[in-house]
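Coordinates from data37.cif are shown below (mmCIF, C-alpha atoms; chains and numbers go by the auth columns).
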```cif
data_structure
#
loop_
_atom_site.group_PDB
_atom_site.id
_atom_site.type_symbol
_atom_site.label_atom_id
_atom_site.label_comp_id
_atom_site.label_asym_id
_atom_site.label_seq_id
_atom_site.Cartn_x
_atom_site.Cartn_y
_atom_site.Cartn_z
_atom_site.B_iso_or_equiv
_atom_site.auth_seq_id
_atom_site.auth_asym_id
ATOM 1 C CA MET A 1 3.406 -6.867 -0.697 0.00 1 A
ATOM 2 C CA LEU A 2 0.490 -6.708 -3.087 0.00 2 A
ATOM 3 C CA TYR A 3 -3.095 -7.117 -1.903 0.00 3 A
ATOM 4 C CA ILE A 4 -6.472 -6.857 -3.640 0.00 4 A
ATOM 5 C CA TYR A 5 -9.712 -6.360 -1.705 0.00 5 A
ATOM 6 C CA THR A 6 -13.247 -5.321 -2.539 0.00 6 A
ATOM 7 C CA ALA A 7 -14.251 -1.845 -1.396 0.00 7 A
ATOM 8 C CA ILE A 8 -17.886 -0.809 -1.023 0.00 8 A
ATOM 9 C CA PHE A 9 -19.031 2.766 -1.694 0.00 9 A
ATOM 10 C CA THR A 10 -22.372 3.938 -0.331 0.00 10 A
ATOM 11 C CA PRO A 11 -23.789 7.404 -1.084 0.00 11 A
ATOM 12 C CA ILE A 12 -24.070 9.679 1.961 0.00 12 A
ATOM 13 C CA GLU A 13 -27.746 10.423 2.623 0.00 13 A
ATOM 14 C CA ASP A 14 -27.426 14.212 2.163 0.00 14 A
ATOM 15 C CA GLY A 15 -25.638 13.809 -1.182 0.00 15 A
ATOM 16 C CA SER A 16 -22.340 15.200 0.118 0.00 16 A
ATOM 17 C CA GLY A 17 -20.251 12.231 -0.996 0.00 17 A
ATOM 18 C CA TYR A 18 -19.643 8.554 -0.318 0.00 18 A
ATOM 19 C CA TYR A 19 -18.864 6.304 2.604 0.00 19 A
ATOM 20 C CA ALA A 20 -16.148 3.833 1.657 0.00 20 A
ATOM 21 C CA ARG A 21 -15.172 0.637 3.460 0.00 21 A
ATOM 22 C CA VAL A 22 -13.236 -2.570 2.978 0.00 22 A
ATOM 23 C CA PRO A 23 -15.356 -5.220 4.724 0.00 23 A
ATOM 24 C CA ASP A 24 -12.446 -7.655 5.120 0.00 24 A
ATOM 25 C CA LEU A 25 -10.322 -5.120 7.045 0.00 25 A
ATOM 26 C CA PRO A 26 -12.067 -4.149 10.305 0.00 26 A
ATOM 27 C CA GLY A 27 -12.119 -0.393 10.792 0.00 27 A
ATOM 28 C CA CYS A 28 -10.880 0.375 7.283 0.00 28 A
ATOM 29 C CA ILE A 29 -13.414 3.088 6.456 0.00 29 A
ATOM 30 C CA THR A 30 -13.338 6.629 5.094 0.00 30 A
ATOM 31 C CA THR A 31 -15.373 9.101 3.050 0.00 31 A
ATOM 32 C CA GLY A 32 -14.904 11.031 -0.173 0.00 32 A
ATOM 33 C CA ARG A 33 -16.595 14.017 -1.794 0.00 33 A
ATOM 34 C CA THR A 34 -16.931 12.165 -5.107 0.00 34 A
ATOM 35 C CA LEU A 35 -16.667 8.518 -6.053 0.00 35 A
ATOM 36 C CA ALA A 36 -13.178 9.141 -7.469 0.00 36 A
ATOM 37 C CA ASP A 37 -12.139 10.870 -4.234 0.00 37 A
ATOM 38 C CA ALA A 38 -13.621 8.011 -2.168 0.00 38 A
ATOM 39 C CA ILE A 39 -11.603 5.505 -4.218 0.00 39 A
ATOM 40 C CA ASP A 40 -8.411 7.500 -3.574 0.00 40 A
ATOM 41 C CA GLN A 41 -9.223 7.786 0.136 0.00 41 A
ATOM 42 C CA ILE A 42 -10.005 4.089 0.645 0.00 42 A
ATOM 43 C CA THR A 43 -6.874 3.098 -1.287 0.00 43 A
ATOM 44 C CA ASP A 44 -4.807 5.211 1.101 0.00 44 A
ATOM 45 C CA ALA A 45 -6.694 3.880 4.149 0.00 45 A
ATOM 46 C CA MET A 46 -6.261 0.281 2.987 0.00 46 A
ATOM 47 C CA ASN A 47 -2.515 0.736 2.440 0.00 47 A
ATOM 48 C CA GLY A 48 -2.174 2.285 5.900 0.00 48 A
ATOM 49 C CA TRP A 49 -4.190 -0.528 7.512 0.00 49 A
ATOM 50 C CA LEU A 50 -2.059 -3.188 5.825 0.00 50 A
ATOM 51 C CA VAL A 51 1.274 -1.495 6.636 0.00 51 A
ATOM 52 C CA VAL A 52 0.366 -1.374 10.334 0.00 52 A
ATOM 53 C CA ALA A 53 -0.762 -5.015 10.240 0.00 53 A
ATOM 54 C CA GLU A 54 2.524 -6.053 8.583 0.00 54 A
ATOM 55 C CA ASP A 55 4.610 -4.019 11.044 0.00 55 A
ATOM 56 C CA GLU A 56 2.770 -5.445 14.053 0.00 56 A
ATOM 57 C CA GLU A 57 2.814 -8.957 12.548 0.00 57 A
ATOM 58 C CA ARG A 58 -0.973 -9.167 12.774 0.00 58 A
ATOM 59 C CA SER A 59 -2.918 -11.698 10.783 0.00 59 A
ATOM 60 C CA ILE A 60 -4.048 -10.236 7.447 0.00 60 A
ATOM 61 C CA PRO A 61 -7.355 -11.718 6.302 0.00 61 A
ATOM 62 C CA ASN A 62 -7.849 -13.214 2.874 0.00 62 A
ATOM 63 C CA ALA A 63 -10.119 -11.307 0.522 0.00 63 A
ATOM 64 C CA THR A 64 -13.728 -12.486 0.498 0.00 64 A
ATOM 65 C CA PRO A 65 -15.062 -13.257 -2.996 0.00 65 A
ATOM 66 C CA GLN A 66 -17.389 -10.452 -4.119 0.00 66 A
ATOM 67 C CA GLN A 67 -20.369 -12.763 -4.558 0.00 67 A
ATOM 68 C CA ARG A 68 -20.187 -13.612 -0.822 0.00 68 A
ATOM 69 C CA LEU A 69 -20.246 -9.974 0.336 0.00 69 A
ATOM 70 C CA LYS A 70 -23.518 -8.322 1.337 0.00 70 A
ATOM 71 C CA ILE A 71 -23.744 -5.136 -0.689 0.00 71 A
ATOM 72 C CA PRO A 72 -26.497 -2.546 -0.084 0.00 72 A
ATOM 73 C CA SER A 73 -28.695 -1.991 -3.157 0.00 73 A
ATOM 74 C CA ASN A 74 -27.586 1.646 -3.476 0.00 74 A
ATOM 75 C CA ALA A 75 -23.872 0.826 -3.155 0.00 75 A
ATOM 76 C CA THR A 76 -21.094 0.406 -5.682 0.00 76 A
ATOM 77 C CA ARG A 77 -18.240 -2.062 -5.303 0.00 77 A
ATOM 78 C CA THR A 78 -14.861 -2.331 -6.914 0.00 78 A
ATOM 79 C CA LEU A 79 -11.550 -4.066 -6.441 0.00 79 A
ATOM 80 C CA ILE A 80 -8.802 -1.975 -4.879 0.00 80 A
ATOM 81 C CA LYS A 81 -5.112 -2.880 -5.092 0.00 81 A
ATOM 82 C CA ALA A 82 -2.676 -2.035 -2.309 0.00 82 A
ATOM 83 C CA ASP A 83 1.091 -2.150 -2.748 0.00 83 A
ATOM 84 C CA THR A 84 2.580 -1.732 0.720 0.00 84 A
ATOM 85 C CA ILE A 85 6.163 -1.570 -0.587 0.00 85 A
ATOM 86 C CA ALA A 86 5.312 1.368 -2.881 0.00 86 A
ATOM 87 C CA TYR A 87 3.220 2.971 -0.122 0.00 87 A
ATOM 88 C CA ARG A 88 6.128 2.770 2.329 0.00 88 A
ATOM 89 C CA ALA A 89 8.482 4.287 -0.275 0.00 89 A
ATOM 90 C CA GLN A 90 6.102 7.236 -0.739 0.00 90 A
ATOM 91 C CA THR A 91 5.210 7.861 2.895 0.00 91 A
ATOM 92 C CA ASP A 92 8.248 6.885 4.981 0.00 92 A
ATOM 93 C CA THR A 93 11.249 8.803 3.696 0.00 93 A
ATOM 94 C CA ARG A 94 13.351 8.492 6.839 0.00 94 A
ATOM 95 C CA SER A 95 16.861 7.168 6.342 0.00 95 A
ATOM 96 C CA ALA A 96 19.079 5.048 8.549 0.00 96 A
ATOM 97 C CA ARG A 97 22.763 4.338 8.213 0.00 97 A
ATOM 98 C CA LYS A 98 23.679 0.746 7.398 0.00 98 A
ATOM 99 C CA ASN A 99 27.286 -0.302 7.088 0.00 99 A
ATOM 100 C CA VAL A 100 28.084 -2.790 4.361 0.00 100 A
ATOM 101 C CA SER A 101 31.351 -4.458 3.440 0.00 101 A
ATOM 102 C CA LEU A 102 32.485 -4.339 -0.161 0.00 102 A
ATOM 103 C CA PRO A 103 35.738 -5.399 -1.771 0.00 103 A
ATOM 104 C CA ILE A 104 38.111 -2.464 -2.306 0.00 104 A
ATOM 105 C CA TRP A 105 38.297 -3.078 -6.070 0.00 105 A
ATOM 106 C CA MET A 106 34.503 -2.820 -6.279 0.00 106 A
ATOM 107 C CA ILE A 107 34.427 0.496 -4.405 0.00 107 A
ATOM 108 C CA LYS A 108 37.167 1.973 -6.614 0.00 108 A
ATOM 109 C CA LEU A 109 35.492 0.850 -9.828 0.00 109 A
ATOM 110 C CA ALA A 110 32.102 2.152 -8.677 0.00 110 A
ATOM 111 C CA GLU A 111 33.668 5.530 -7.846 0.00 111 A
ATOM 112 C CA LYS A 112 35.336 5.714 -11.287 0.00 112 A
ATOM 113 C CA LYS A 113 31.995 5.025 -12.932 0.00 113 A
ATOM 114 C CA ASN A 114 30.174 7.543 -10.673 0.00 114 A
ATOM 115 C CA ILE A 115 27.915 4.858 -9.226 0.00 115 A
ATOM 116 C CA ASN A 116 26.089 5.860 -6.054 0.00 116 A
ATOM 117 C CA CYS A 117 26.336 2.667 -3.961 0.00 117 A
ATOM 118 C CA SER A 118 23.622 3.754 -1.530 0.00 118 A
ATOM 119 C CA GLN A 119 21.146 4.388 -4.330 0.00 119 A
ATOM 120 C CA LEU A 120 22.103 1.167 -6.080 0.00 120 A
ATOM 121 C CA LEU A 121 21.557 -0.808 -2.864 0.00 121 A
ATOM 122 C CA GLN A 122 18.188 0.882 -2.298 0.00 122 A
ATOM 123 C CA ASN A 123 17.075 0.054 -5.837 0.00 123 A
ATOM 124 C CA ALA A 124 18.224 -3.567 -5.534 0.00 124 A
ATOM 125 C CA LEU A 125 16.516 -3.990 -2.159 0.00 125 A
ATOM 126 C CA MET A 126 13.282 -2.468 -3.510 0.00 126 A
ATOM 127 C CA GLU A 127 13.286 -4.894 -6.429 0.00 127 A
ATOM 128 C CA THR A 128 14.014 -7.859 -4.143 0.00 128 A
ATOM 129 C CA LEU A 129 11.297 -6.856 -1.672 0.00 129 A
ATOM 130 C CA ARG A 130 8.716 -6.528 -4.448 0.00 130 A
ATOM 131 C CA SER A 131 9.499 -10.003 -5.771 0.00 131 A
ATOM 132 C CA ARG A 132 9.019 -11.781 -2.439 0.00 132 A
#
```

Mind turning the file's structure into structure tokens?
Amino acid sequence: MLYIYTAIFTPIEDGSGYYARVPDLPGCITTGRTLADAIDQITDAMNGWLVVAEDEERSIPNATPQQRLKIPSNATRTLIKADTIAYRAQTDTRSARKNVSLPIWMIKLAEKKNINCSQLLQNALMETLRSR
């Protein structure tokens, strides 16, 4: 699933980096040494937050329009995109066996053409999951 939320970046008082948070996702906070690092960190935190919410079938809040968010005067804001399908593919590499039934002729032809049925199924499922 694709999501877009506003993240807010506030400089740490001692100049050591930035606090980063997504106001619409309670507890979705982190820090970064630089603004670029804080953006990377909050993107990862947001993906993790959303994956857990999806897995636990929790309600995922809609994004609040930026003009309705209270932003401190010394803060920076930006839109952050999360792709939980891509995040899962990168972070959860466990495999499970799944039996499928295919016609014999299809198996034989796939073998002749050196087609890896498992990989083909994974690719097709990934494409289908992204489009829903």

ask   = For Asp83 in chain A, which residue out of A:Glu111, A:Ala63, A:Asp44, A:Ala36 is the nearest one, using all atoms listed in the file?
value = A:Asp44

query = From the list A:Glu56, A:Ala20, A:Thr91, A:Leu129, which residue is nearest Asp40 in chain A when using only C-alpha atoms?
reply = A:Ala20

Neighbour list for Tyr3 in chain A as a PDB file with C-alpha atoms, keeping the file's coordinate frame, cut-off 10 Å, only C-alpha atoms, skip fewer than 6 positions in-chain:
```
ATOM      1  CA  MET A  46      -6.261   0.281   2.987  1.00  0.00           C
ATOM      2  CA  ASN A  47      -2.515   0.736   2.440  1.00  0.00           C
ATOM      3  CA  LEU A  50      -2.059  -3.188   5.825  1.00  0.00           C
ATOM      4  CA  ILE A  60      -4.048 -10.236   7.447  1.00  0.00           C
ATOM      5  CA  ASN A  62      -7.849 -13.214   2.874  1.00  0.00           C
ATOM      6  CA  ALA A  63     -10.119 -11.307   0.522  1.00  0.00           C
ATOM      7  CA  ILE A  80      -8.802  -1.975  -4.879  1.00  0.00           C
ATOM      8  CA  LYS A  81      -5.112  -2.880  -5.092  1.00  0.00           C
ATOM      9  CA  ALA A  82      -2.676  -2.035  -2.309  1.00  0.00           C
ATOM     10  CA  ASP A  83       1.091  -2.150  -2.748  1.00  0.00           C
ATOM     11  CA  THR A  84       2.580  -1.732   0.720  1.00  0.00           C
TER      12      THR A  84
END
```

Please, what is the axis-aligned box for every listed atom of range 33-51 of chain A with 6 Å on each side, as centre and edge lengths in Å to one decimal, as lines of an AutoDock Vina configuration file?
```
center_x = -7.8
center_y = 5.4
center_z = 0.0
size_x = 30.2
size_y = 29.2
size_z = 27.0
```

query = If you apply the PyMOL selection byres ((chain A and resi 29) around 8) to this file, what residues do you get, as a PyMOL selection string?
reply = chain A and resi 19-22+27-28+30-31+42+45

So which residues touch Ser16 in chain A within 10 Å, counting all atoms listed in the file, skipping near sequence neighbours fewer than 2 positions away, as a PDB file with C-alpha atoms, in the coordinates of the input?
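Dumped to out20.pdb:
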```pdb
ATOM      1  CA  PRO A  11     -23.789   7.404  -1.084  1.00  0.00           C
ATOM      2  CA  ILE A  12     -24.070   9.679   1.961  1.00  0.00           C
ATOM      3  CA  GLU A  13     -27.746  10.423   2.623  1.00  0.00           C
ATOM      4  CA  ASP A  14     -27.426  14.212   2.163  1.00  0.00           C
ATOM      5  CA  TYR A  18     -19.643   8.554  -0.318  1.00  0.00           C
ATOM      6  CA  TYR A  19     -18.864   6.304   2.604  1.00  0.00           C
ATOM      7  CA  THR A  31     -15.373   9.101   3.050  1.00  0.00           C
ATOM      8  CA  GLY A  32     -14.904  11.031  -0.173  1.00  0.00           C
ATOM      9  CA  ARG A  33     -16.595  14.017  -1.794  1.00  0.00           C
ATOM     10  CA  THR A  34     -16.931  12.165  -5.107  1.00  0.00           C
TER      11      THR A  34
END
```

ask   = Selected by the PyMOL selection byres ((chain A and resi 131) around 12) in the shown coordinates: which residues, as a list in words?
value =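 Answer for the PyMOL selection byres ((chain A and resi 131) around 12): Met1, Leu2, Asp83, Ile85, Ala124, Leu125, Met126, Glu127, Thr128, Leu129, Arg130 and Arg132 of chain A.
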
Can you spit out the residues from that selection as a PDB file, in the coordinates of the input, using C-alpha atoms?
```pdb
ATOM      1  CA  MET A   1       3.406  -6.867  -0.697  1.00  0.00           C
ATOM      2  CA  LEU A   2       0.490  -6.708  -3.087  1.00  0.00           C
ATOM      3  CA  ASP A  83       1.091  -2.150  -2.748  1.00  0.00           C
ATOM      4  CA  ILE A  85       6.163  -1.570  -0.587  1.00  0.00           C
ATOM      5  CA  ALA A 124      18.224  -3.567  -5.534  1.00  0.00           C
ATOM      6  CA  LEU A 125      16.516  -3.990  -2.159  1.00  0.00           C
ATOM      7  CA  MET A 126      13.282  -2.468  -3.510  1.00  0.00           C
ATOM      8  CA  GLU A 127      13.286  -4.894  -6.429  1.00  0.00           C
ATOM      9  CA  THR A 128      14.014  -7.859  -4.143  1.00  0.00           C
ATOM     10  CA  LEU A 129      11.297  -6.856  -1.672  1.00  0.00           C
ATOM     11  CA  ARG A 130       8.716  -6.528  -4.448  1.00  0.00           C
ATOM     12  CA  ARG A 132       9.019 -11.781  -2.439  1.00  0.00           C
TER      13      ARG A 132
END
```

Between CA of Ala7 in chain A and CA of Leu79 in chain A - distance in Å to one decimal =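 Distance between the two atoms: 6.1 Å.
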
message = To one decimal place in Å, what is the distance between CA of Thr43 in chain A and CA of Leu121 in chain A?
response =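 Going from CA of Thr43 in chain A over to CA of Leu121 in chain A, I get 28.7 Å.
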
task = Given the file shown, enumerate the residues that the PyMOL selection byres ((chain A and resi 24) around 7) captures and present them as number ranges by chain.
result = A: 22-23, 25-26, 61, 63-64

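Comparing A:Ala96, A:Ser101, A:Arg58, A:Ile4 by their smallest distance to Thr78 in chain A, the closest is A:Ile4 (using only C-alpha atoms).
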
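Between Asn99 in chain A and the candidates A:Tyr87, A:Gln66, A:Cys117, A:Asp37, the tightest atom-to-atom separation, counting all atoms listed in the file, involves A:Cys117.
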